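Here is the file query.pdb (PDB, C-alpha atoms and all ligand atoms).
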ATOM      1  CA  MET A   1       0.000   0.000   0.000
ATOM      2  CA  GLU A   2       1.169   3.522  -0.801
ATOM      3  CA  ALA A   3       2.152   5.608   2.230
ATOM      4  CA  ILE A   4      -0.227   8.505   2.976
ATOM      5  CA  ILE A   5       2.558  10.358   4.809
ATOM      6  CA  GLN A   6       6.184  10.014   3.749
ATOM      7  CA  VAL A   7       8.930  11.925   5.494
ATOM      8  CA  GLU A   8      12.579  11.635   4.450
ATOM      9  CA  ASN A   9      15.508  13.289   6.180
ATOM     10  CA  LEU A  10      13.169  16.035   7.295
ATOM     11  CA  ARG A  11      14.892  18.868   9.072
ATOM     12  CA  ARG A  12      13.902  22.174  10.641
ATOM     13  CA  ASP A  13      16.214  24.759  12.127
ATOM     14  CA  TYR A  14      15.032  27.877  13.907
ATOM     15  CA  ILE A  15      17.213  30.946  14.011
ATOM     16  CA  THR A  16      16.859  32.879  17.231
ATOM     17  CA  HIS A  17      18.481  36.069  18.398
ATOM     18  CA  ARG A  18      19.783  36.560  21.899
ATOM     19  CA  GLY A  19      21.758  38.918  24.015
ATOM     20  CA  PHE A  20      22.378  42.655  23.689
ATOM     21  CA  LEU A  21      20.248  44.086  20.869
ATOM     22  CA  HIS A  22      19.588  40.480  19.894
ATOM     23  CA  ARG A  23      22.977  40.422  18.188
ATOM     24  CA  ASN A  24      23.845  36.831  18.920
ATOM     25  CA  LYS A  25      22.419  34.503  16.355
ATOM     26  CA  GLU A  26      21.705  31.007  17.526
ATOM     27  CA  VAL A  27      20.494  28.070  15.438
ATOM     28  CA  VAL A  28      18.218  25.573  17.118
ATOM     29  CA  SER A  29      17.798  22.310  15.206
ATOM     30  CA  ALA A  30      14.315  21.316  16.317
ATOM     31  CA  VAL A  31      13.979  18.384  13.901
ATOM     32  CA  ARG A  32      17.117  16.620  12.683
ATOM     33  CA  ASP A  33      16.822  14.444   9.574
ATOM     34  CA  ILE A  34      13.915  12.266  10.562
ATOM     35  CA  SER A  35      12.385   9.618   8.268
ATOM     36  CA  PHE A  36       9.135   7.716   8.733
ATOM     37  CA  TYR A  37       5.961   6.817   6.856
ATOM     38  CA  VAL A  38       2.308   6.355   7.748
ATOM     39  CA  GLN A  39      -0.043   3.965   5.945
ATOM     40  CA  PRO A  40      -3.669   4.889   5.202
ATOM     41  CA  GLY A  41      -5.934   4.021   8.137
ATOM     42  CA  GLU A  42      -3.205   3.941  10.759
ATOM     43  CA  VAL A  43      -3.269   5.749  14.066
ATOM     44  CA  PHE A  44       0.309   6.916  14.273
ATOM     45  CA  GLY A  45       1.967   8.422  17.345
ATOM     46  CA  LEU A  46       4.722  10.997  17.707
ATOM     47  CA  LEU A  47       6.098  10.661  21.216
ATOM     48  CA  GLY A  48       8.743  12.589  23.042
ATOM     49  CA  GLN A  49       9.601  14.949  25.859
ATOM     50  CA  ASN A  50       8.811  18.655  25.795
ATOM     51  CA  GLY A  51      11.054  20.200  23.187
ATOM     52  CA  ALA A  52      11.571  16.920  21.313
ATOM     53  CA  GLY A  53      10.275  18.408  18.048
ATOM     54  CA  LYS A  54       6.734  16.996  17.919
ATOM     55  CA  THR A  55       4.901  20.257  17.247
ATOM     56  CA  THR A  56       7.516  21.377  14.721
ATOM     57  CA  THR A  57       7.044  18.089  12.839
ATOM     58  CA  ILE A  58       3.257  18.357  12.890
ATOM     59  CA  LYS A  59       3.444  21.955  11.632
ATOM     60  CA  MET A  60       5.533  20.859   8.645
ATOM     61  CA  LEU A  61       3.149  17.974   7.921
ATOM     62  CA  THR A  62       0.148  20.299   7.996
ATOM     63  CA  THR A  63       1.796  22.797   5.574
ATOM     64  CA  LEU A  64       2.100  25.514   8.229
ATOM     65  CA  LEU A  65       5.896  25.559   8.421
ATOM     66  CA  ALA A  66       8.535  25.151   5.715
ATOM     67  CA  PRO A  67      11.160  22.460   6.191
ATOM     68  CA  THR A  68      14.824  23.476   6.255
ATOM     69  CA  GLY A  69      15.739  20.232   4.507
ATOM     70  CA  GLY A  70      14.518  16.830   3.385
ATOM     71  CA  THR A  71      11.158  15.912   1.949
ATOM     72  CA  CYS A  72       7.754  15.923   3.549
ATOM     73  CA  LYS A  73       4.941  14.398   1.498
ATOM     74  CA  VAL A  74       1.302  14.109   2.514
ATOM     75  CA  LEU A  75      -1.192  12.358   0.204
ATOM     76  CA  GLY A  76       1.609  12.224  -2.350
ATOM     77  CA  PHE A  77       2.163  15.997  -2.449
ATOM     78  CA  ASN A  78       4.935  18.153  -1.060
ATOM     79  CA  THR A  79       3.746  20.038   2.001
ATOM     80  CA  PHE A  80       5.748  23.008   0.809
ATOM     81  CA  GLY A  81       4.869  24.048  -2.753
ATOM     82  CA  GLU A  82       1.875  21.770  -3.275
ATOM     83  CA  GLU A  83      -0.082  22.707  -0.151
ATOM     84  CA  LYS A  84      -3.200  23.626  -2.112
ATOM     85  CA  TYR A  85      -3.740  19.931  -2.944
ATOM     86  CA  ILE A  86      -3.250  18.900   0.666
ATOM     87  CA  ARG A  87      -5.144  21.482   2.739
ATOM     88  CA  PRO A  88      -8.705  20.588   1.661
ATOM     89  CA  ARG A  89      -8.045  16.929   2.509
ATOM     90  CA  ILE A  90      -6.499  17.225   5.986
ATOM     91  CA  ASN A  91      -7.348  18.938   9.239
ATOM     92  CA  PHE A  92      -5.639  19.512  12.552
ATOM     93  CA  ILE A  93      -6.358  20.123  16.201
ATOM     94  CA  PHE A  94      -3.805  21.709  18.446
ATOM     95  CA  GLY A  95      -4.357  20.874  22.108
ATOM     96  CA  GLY A  96      -5.005  23.787  24.424
ATOM     97  CA  GLU A  97      -5.489  26.150  21.495
ATOM     98  CA  MET A  98      -8.812  27.910  21.313
ATOM     99  CA  GLY A  99     -10.001  26.970  17.861
ATOM    100  CA  VAL A 100     -13.672  27.573  18.524
ATOM    101  CA  TYR A 101     -15.858  30.615  19.136
ATOM    102  CA  ARG A 102     -17.032  30.649  22.748
ATOM    103  CA  ARG A 103     -19.929  32.994  21.993
ATOM    104  CA  LEU A 104     -21.422  30.593  19.458
ATOM    105  CA  SER A 105     -23.120  27.256  20.005
ATOM    106  CA  ALA A 106     -21.443  24.063  18.818
ATOM    107  CA  ARG A 107     -23.815  23.920  15.874
ATOM    108  CA  ASP A 108     -23.127  27.511  14.833
ATOM    109  CA  ASN A 109     -19.389  26.994  15.214
ATOM    110  CA  LEU A 110     -19.617  24.020  12.881
ATOM    111  CA  ARG A 111     -21.795  25.930  10.402
ATOM    112  CA  TYR A 112     -19.183  28.667  10.321
ATOM    113  CA  PHE A 113     -16.327  26.246   9.618
ATOM    114  CA  ALA A 114     -18.447  24.278   7.123
ATOM    115  CA  ASN A 115     -19.029  27.494   5.186
ATOM    116  CA  LEU A 116     -15.281  28.116   5.017
ATOM    117  CA  TYR A 117     -15.016  24.782   3.219
ATOM    118  CA  GLY A 118     -17.912  25.689   0.927
ATOM    119  CA  LEU A 119     -20.296  22.950   2.026
ATOM    120  CA  LYS A 120     -23.812  23.258   0.588
ATOM    121  CA  PRO A 121     -26.517  23.856   3.258
ATOM    122  CA  ARG A 122     -28.173  20.417   3.010
ATOM    123  CA  GLU A 123     -24.937  18.471   3.025
ATOM    124  CA  ARG A 124     -23.714  20.788   5.780
ATOM    125  CA  GLU A 125     -26.621  20.209   8.191
ATOM    126  CA  GLN A 126     -26.418  16.436   7.810
ATOM    127  CA  ARG A 127     -22.632  16.401   8.255
ATOM    128  CA  ILE A 128     -22.929  18.585  11.359
ATOM    129  CA  GLN A 129     -25.567  16.306  12.873
ATOM    130  CA  ASP A 130     -23.437  13.206  12.237
ATOM    131  CA  ILE A 131     -20.332  14.806  13.709
ATOM    132  CA  LEU A 132     -22.198  16.107  16.769
ATOM    133  CA  GLU A 133     -23.309  12.555  17.431
ATOM    134  CA  LEU A 134     -19.836  11.174  17.011
ATOM    135  CA  VAL A 135     -18.376  13.622  19.539
ATOM    136  CA  GLU A 136     -21.386  13.254  21.873
ATOM    137  CA  LEU A 137     -22.380  16.901  21.767
ATOM    138  CA  ARG A 138     -25.809  16.405  20.225
ATOM    139  CA  ASP A 139     -27.690  17.336  23.392
ATOM    140  CA  ALA A 140     -25.542  20.422  24.010
ATOM    141  CA  ALA A 141     -25.366  21.454  20.356
ATOM    142  CA  ASP A 142     -27.418  24.622  20.719
ATOM    143  CA  ARG A 143     -25.843  25.933  23.924
ATOM    144  CA  LEU A 144     -23.068  28.509  23.788
ATOM    145  CA  ALA A 145     -19.618  26.940  23.844
ATOM    146  CA  GLU A 146     -18.701  29.209  26.774
ATOM    147  CA  THR A 147     -20.921  27.033  28.969
ATOM    148  CA  TYR A 148     -19.009  23.865  28.037
ATOM    149  CA  SER A 149     -16.553  21.916  30.148
ATOM    150  CA  LYS A 150     -12.964  21.635  28.944
ATOM    151  CA  GLY A 151     -13.684  18.144  27.651
ATOM    152  CA  MET A 152     -16.695  19.372  25.687
ATOM    153  CA  VAL A 153     -14.663  22.215  24.160
ATOM    154  CA  GLN A 154     -11.994  19.735  23.135
ATOM    155  CA  ARG A 155     -14.677  17.489  21.571
ATOM    156  CA  LEU A 156     -15.976  20.506  19.705
ATOM    157  CA  GLN A 157     -12.455  21.104  18.407
ATOM    158  CA  ILE A 158     -12.448  17.537  17.090
ATOM    159  CA  ALA A 159     -15.820  18.149  15.477
ATOM    160  CA  ARG A 160     -14.360  21.238  13.815
ATOM    161  CA  GLY A 161     -11.437  19.123  12.633
ATOM    162  CA  LEU A 162     -13.818  16.673  10.958
ATOM    163  CA  ILE A 163     -15.999  19.219   9.170
ATOM    164  CA  ASN A 164     -14.230  18.810   5.811
ATOM    165  CA  ASN A 165     -14.290  15.007   6.154
ATOM    166  CA  PRO A 166     -10.482  14.924   6.067
ATOM    167  CA  ASP A 167      -8.478  11.885   4.992
ATOM    168  CA  ILE A 168      -5.960  12.636   7.721
ATOM    169  CA  LEU A 169      -6.566  14.227  11.100
ATOM    170  CA  PHE A 170      -3.522  15.637  12.905
ATOM    171  CA  MET A 171      -3.797  16.110  16.665
ATOM    172  CA  ASP A 172      -1.176  17.793  18.802
ATOM    173  CA  GLU A 173      -1.606  16.568  22.382
ATOM    174  CA  PRO A 174      -5.361  16.137  22.119
ATOM    175  CA  THR A 175      -5.903  15.008  25.703
ATOM    176  CA  VAL A 176      -3.572  17.443  27.457
ATOM    177  CA  GLY A 177      -5.266  19.070  30.446
ATOM    178  CA  LEU A 178      -8.364  16.870  30.312
ATOM    179  CA  ASP A 179      -9.705  14.987  33.317
ATOM    180  CA  PRO A 180      -9.806  11.167  33.111
ATOM    181  CA  LEU A 181     -13.372  11.030  31.814
ATOM    182  CA  GLY A 182     -12.683  13.718  29.212
ATOM    183  CA  ALA A 183      -9.541  11.926  28.062
ATOM    184  CA  HIS A 184     -11.415   8.619  27.947
ATOM    185  CA  MET A 185     -14.154  10.061  25.734
ATOM    186  CA  LEU A 186     -11.538  11.531  23.437
ATOM    187  CA  ARG A 187      -9.759   8.220  23.082
ATOM    188  CA  ASP A 188     -13.118   6.598  22.246
ATOM    189  CA  ILE A 189     -13.603   9.124  19.461
ATOM    190  CA  ILE A 190     -10.134   8.394  18.093
ATOM    191  CA  ARG A 191     -10.911   4.659  18.128
ATOM    192  CA  THR A 192     -14.149   5.308  16.240
ATOM    193  CA  LEU A 193     -12.298   7.374  13.636
ATOM    194  CA  HIS A 194      -9.829   4.517  13.279
ATOM    195  CA  ARG A 195     -12.661   2.020  12.749
ATOM    196  CA  GLU A 196     -14.095   4.309  10.096
ATOM    197  CA  GLY A 197     -10.799   4.157   8.234
ATOM    198  CA  LYS A 198      -9.425   7.631   8.929
ATOM    199  CA  THR A 199      -5.718   8.165   9.268
ATOM    200  CA  VAL A 200      -4.812   9.882  12.535
ATOM    201  CA  LEU A 201      -1.420  11.265  13.499
ATOM    202  CA  LEU A 202      -1.237  12.365  17.111
ATOM    203  CA  THR A 203       1.374  13.519  19.547
ATOM    204  CA  THR A 204       1.269  12.677  23.200
ATOM    205  CA  HIS A 205       3.553  12.158  26.117
ATOM    206  CA  TYR A 206       1.045   9.995  27.889
ATOM    207  CA  LEU A 207       2.415   6.514  27.208
ATOM    208  CA  PRO A 208      -0.592   4.314  28.119
ATOM    209  CA  GLU A 209      -2.609   6.401  25.669
ATOM    210  CA  ALA A 210      -0.082   5.851  22.883
ATOM    211  CA  GLU A 211       0.044   2.148  23.624
ATOM    212  CA  GLU A 212      -3.725   1.866  23.620
ATOM    213  CA  LEU A 213      -4.372   3.859  20.448
ATOM    214  CA  CYS A 214      -1.402   3.735  18.118
ATOM    215  CA  ASN A 215      -0.677   1.067  15.526
ATOM    216  CA  ARG A 216       2.848   2.410  15.163
ATOM    217  CA  MET A 217       4.820   5.295  16.588
ATOM    218  CA  VAL A 218       8.118   7.103  16.557
ATOM    219  CA  ILE A 219       9.888   8.334  19.652
ATOM    220  CA  LEU A 220      11.665  11.645  19.179
ATOM    221  CA  ASN A 221      14.446  12.839  21.411
ATOM    222  CA  GLN A 222      16.052  16.215  20.828
ATOM    223  CA  GLY A 223      14.869  16.233  17.226
ATOM    224  CA  ARG A 224      16.017  12.711  16.352
ATOM    225  CA  ILE A 225      14.095   9.457  16.058
ATOM    226  CA  VAL A 226      15.374   7.102  18.737
ATOM    227  CA  ALA A 227      12.870   4.295  18.146
ATOM    228  CA  GLN A 228      10.035   3.443  15.793
ATOM    229  CA  GLY A 229       7.595   0.588  15.285
ATOM    230  CA  THR A 230       4.587  -0.961  16.976
ATOM    231  CA  PRO A 231       4.200  -0.504  20.734
ATOM    232  CA  ALA A 232       5.398  -4.137  21.076
ATOM    233  CA  ASP A 233       8.488  -3.423  18.914
ATOM    234  CA  ILE A 234       9.386  -0.467  21.093
ATOM    235  CA  LYS A 235       8.699  -2.264  24.339
ATOM    236  CA  GLY A 236      11.050  -5.081  23.300
ATOM    237  CA  GLU A 237      12.402  -6.770  26.404
ATOM    238  CA  ALA A 238      11.226  -4.017  28.745
ATOM    239  CA  ALA A 239       8.349  -4.689  31.149
ATOM    240  CA  THR A 240       6.360  -1.642  30.061
ATOM    241  CA  LEU A 241       6.367   0.901  27.268
ATOM    242  CA  GLU A 242       7.217   3.516  29.888
ATOM    243  CA  GLU A 243      10.340   1.637  30.950
ATOM    244  CA  ALA A 244      11.478   1.366  27.319
ATOM    245  CA  TYR A 245      10.704   5.044  26.754
ATOM    246  CA  ILE A 246      12.658   6.202  29.804
ATOM    247  CA  SER A 247      15.737   4.371  28.571
ATOM    248  CA  LEU A 248      15.450   6.084  25.170
ATOM    249  CA  VAL A 249      14.939   9.726  26.087
ATOM    250  CA  GLN A 250      16.955  12.151  28.117
ATOM    251  CA  GLU A 251      15.873  15.146  30.072
ATOM    252  CA  VAL A 252      16.379  18.327  28.103
ATOM    253  CA  LYS A 253      18.498  20.802  30.023
ATOM    254  CA  PRO A 254      17.286  24.357  29.604
TER     255      PRO A 254
HETATM  256  N1  LIG A 301       9.369  29.484  16.768
HETATM  257  C1  LIG A 301      10.461  28.972  17.359
HETATM  258  N2  LIG A 301      11.611  29.677  17.416
HETATM  259  C2  LIG A 301      12.726  29.164  17.987
HETATM  260  N3  LIG A 301      12.785  27.937  18.547
HETATM  261  C3  LIG A 301      11.677  27.191  18.531
HETATM  262  C4  LIG A 301      10.449  27.658  17.940
HETATM  263  N4  LIG A 301       9.510  26.689  18.077
HETATM  264  C5  LIG A 301      10.114  25.665  18.720
HETATM  265  N5  LIG A 301      11.404  25.950  18.987
HETATM  266  C6  LIG A 301      12.387  25.053  19.653
HETATM  267  O1  LIG A 301      12.440  23.849  18.888
HETATM  268  C7  LIG A 301      12.531  22.716  19.756
HETATM  269  C8  LIG A 301      11.363  21.780  19.489
HETATM  270  O2  LIG A 301      10.145  22.401  19.864
HETATM  271  P1  LIG A 301       8.714  21.744  19.624
HETATM  272  O3  LIG A 301       8.629  21.273  18.201
HETATM  273  O4  LIG A 301       7.706  22.709  20.070
HETATM  274  O5  LIG A 301       8.767  20.473  20.581
HETATM  275  P2  LIG A 301       7.602  19.644  21.288
HETATM  276  O6  LIG A 301       6.320  19.924  20.574
HETATM  277  O7  LIG A 301       8.039  18.219  21.167
HETATM  278  O8  LIG A 301       7.545  20.069  22.719
HETATM  279  C9  LIG A 301      12.561  23.265  21.165
HETATM  280  O9  LIG A 301      13.912  23.375  21.553
HETATM  281  C10 LIG A 301      11.931  24.630  21.028
HETATM  282  O10 LIG A 301      12.434  25.514  22.003
HETATM  283 MG    MG A 302       4.481  20.558  21.337
END
How does the structure come out when it is put into C-alpha cells?
Amino acid sequence: MEAIIQVENLRRDYITHRGFLHRNKEVVSAVRDISFYVQPGEVFGLLGQNGAGKTTTIKMLTTLLAPTGGTCKVLGFNTFGEEKYIRPRINFIFGGEMGVYRRLSARDNLRYFANLYGLKPREREQRIQDILELVELRDAADRLAETYSKGMVQRLQIARGLINNPDILFMDEPTVGLDPLGAHMLRDIIRTLHREGKTVLLTTHYLPEAEELCNRMVILNQGRIVAQGTPADIKGEAATLEEAYISLVQEVKP
C-alpha cells in the first residue's frame, strides 16, 4: 500500500536572536533528519519529551511551516509548494489552542467552519448532525460553547477538525489538560475514527494512551528518532512501554 505520509531526512532549524540588541544569532535544530511513513488508516503516534520536536514536525506535515531540509509528502504531495492539494483533505487540532468561538453554540461553530469549506446547506446540516453525534455533543449542540466543560470544548475542536471530512486528522496533544473522563471520551472518538478508516497522526507524552491507540509510533528525542515501530516493537524486552521510553529519552536541560 502507498504511504499517505512520507517523510525523508526532514529537518527544521530555527534561528533565534539573543543577548544585547539580539545580536547573537543562535540556530536551534528542532527536527534533525527524521524519516518515517504512515499507511492509510493507521493511528500513528509521535512521542517525546517537551522540546523533542513533535509540534515542529506536525506543523511541517500540515503545511504551516517550511522544512529546512529533506522531503515531507502528505497524500503524495509536497507540504511546501503543493499545499493547495493537501489542505482541503487534511485537518488539525492543536491541544489547548482555542479553535472555537465561545460565543457561538457548537452547531453555529460548525456551520461557520463548514461554510469556510464551501459545504452546501443540506450536506452541511447532515454532516454537522453526524459529527455532533460522534463527539457526543448532540444534546448540548445549541448551547453557547462558553458554557461547556474543557472536555466538551476539546470534543468541539475535534468536530471542527472533521468538518471537511479529512483523509488525515492531525492532533497535537489532544488530551492534554483533560480529566480522566474527558480523556477517555476523546480516546473513544479516536478509536471510532480509526474504525471508520481515517488516518490519525497524534502527539502525546502519555504513554498508556499511545500504547492503547497507536498502531505504530516514533519516539523523538532532541529532534532525532530514537525508536520506531509498533508498541510491542518499542517495548522489546522491557516490562512496560514507559520503561522502554525512559531508557530512550533524556531530560532536556534548559
Ligand atoms: N518558533 C520557534 N523559534 C525558535 N525555537 C523554537 C520555535 N519553536 C520551537 N522551537 C524550539 O524547537 C525545539 C522543538 O520544539 P517543539 O517542536 O515545540 O517540541 P515539542 O512539541 O516536542 O515540545 C525546542 O527546543 C523549542 O524551544
Ligand atoms: Mg508541542
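Taking only C-alpha atoms and all ligand atoms into account, the residues that come within 6 Å of ligand LIG 301 (chain A) are Tyr14, Thr16, Ala30, Gly48, Gln49, Asn50, Gly51, Ala52, Gly53, Lys54, Thr55 and Thr56 of chain A.
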Pairwise distance for atom CA of A:Ile131 and atom CA of A:Arg191, rounded to one decimal in Å | 14.5 Å
Once the PyMOL selection byres (((chain A and resi 103) around 8) and not hetatm) has been applied to the shown file, what residues remain in the selection, as an mmCIF file with C-alpha atoms, in the coordinates of the input?
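The result, stored in expr_15.cif:
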data_model
loop_
_atom_site.group_PDB
_atom_site.id
_atom_site.type_symbol
_atom_site.label_atom_id
_atom_site.label_comp_id
_atom_site.auth_asym_id
_atom_site.auth_seq_id
_atom_site.Cartn_x
_atom_site.Cartn_y
_atom_site.Cartn_z
ATOM 1 C CA TYR A 101 -15.858 30.615 19.136
ATOM 2 C CA ARG A 102 -17.032 30.649 22.748
ATOM 3 C CA LEU A 104 -21.422 30.593 19.458
ATOM 4 C CA SER A 105 -23.120 27.256 20.005
ATOM 5 C CA LEU A 144 -23.068 28.509 23.788
ATOM 6 C CA ALA A 145 -19.618 26.940 23.844
ATOM 7 C CA GLU A 146 -18.701 29.209 26.774
#
Any chance you could work out the residue set of the PyMOL selection byres (((chain A and resi 243-245) around 12) and not hetatm) here, as an MDAnalysis selection string?
-> chainID A and resid 47:49 205:208 210:211 217:221 226:228 231:242 246:251
For the selection just defined, write its residues with C-alpha atoms to a file, as an mmCIF file, in the frame of the given file.
data_model
loop_
_atom_site.group_PDB
_atom_site.id
_atom_site.type_symbol
_atom_site.label_atom_id
_atom_site.label_comp_id
_atom_site.auth_asym_id
_atom_site.auth_seq_id
_atom_site.Cartn_x
_atom_site.Cartn_y
_atom_site.Cartn_z
ATOM 1 C CA LEU A 47 6.098 10.661 21.216
ATOM 2 C CA GLY A 48 8.743 12.589 23.042
ATOM 3 C CA GLN A 49 9.601 14.949 25.859
ATOM 4 C CA HIS A 205 3.553 12.158 26.117
ATOM 5 C CA TYR A 206 1.045 9.995 27.889
ATOM 6 C CA LEU A 207 2.415 6.514 27.208
ATOM 7 C CA PRO A 208 -0.592 4.314 28.119
ATOM 8 C CA ALA A 210 -0.082 5.851 22.883
ATOM 9 C CA GLU A 211 0.044 2.148 23.624
ATOM 10 C CA MET A 217 4.820 5.295 16.588
ATOM 11 C CA VAL A 218 8.118 7.103 16.557
ATOM 12 C CA ILE A 219 9.888 8.334 19.652
ATOM 13 C CA LEU A 220 11.665 11.645 19.179
ATOM 14 C CA ASN A 221 14.446 12.839 21.411
ATOM 15 C CA VAL A 226 15.374 7.102 18.737
ATOM 16 C CA ALA A 227 12.870 4.295 18.146
ATOM 17 C CA GLN A 228 10.035 3.443 15.793
ATOM 18 C CA PRO A 231 4.200 -0.504 20.734
ATOM 19 C CA ALA A 232 5.398 -4.137 21.076
ATOM 20 C CA ASP A 233 8.488 -3.423 18.914
ATOM 21 C CA ILE A 234 9.386 -0.467 21.093
ATOM 22 C CA LYS A 235 8.699 -2.264 24.339
ATOM 23 C CA GLY A 236 11.050 -5.081 23.300
ATOM 24 C CA GLU A 237 12.402 -6.770 26.404
ATOM 25 C CA ALA A 238 11.226 -4.017 28.745
ATOM 26 C CA ALA A 239 8.349 -4.689 31.149
ATOM 27 C CA THR A 240 6.360 -1.642 30.061
ATOM 28 C CA LEU A 241 6.367 0.901 27.268
ATOM 29 C CA GLU A 242 7.217 3.516 29.888
ATOM 30 C CA ILE A 246 12.658 6.202 29.804
ATOM 31 C CA SER A 247 15.737 4.371 28.571
ATOM 32 C CA LEU A 248 15.450 6.084 25.170
ATOM 33 C CA VAL A 249 14.939 9.726 26.087
ATOM 34 C CA GLN A 250 16.955 12.151 28.117
ATOM 35 C CA GLU A 251 15.873 15.146 30.072
#
How would you write, as a list in words, the residues chosen by the PyMOL selection byres (((chain A and resi 12) around 7) and not hetatm) on this structure?
-> Arg11, Asp13, Tyr14, Ser29, Ala30, Val31, Arg32, Pro67, Thr68 and Gly69 of chain A
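Shortest separation to ligand MG 302 (chain A) among A:Leu202, A:Ala66, A:Val74, A:Met185 occurs at residue A:Leu202, atoms counted being only C-alpha atoms and all ligand atoms.
Take atom CA of A:Tyr85 and atom CA of A:Glu123: the distance between them is 22.1 Å.
Between atom CA of A:Thr63 and atom CA of A:Arg87 the separation is 7.6 Å.
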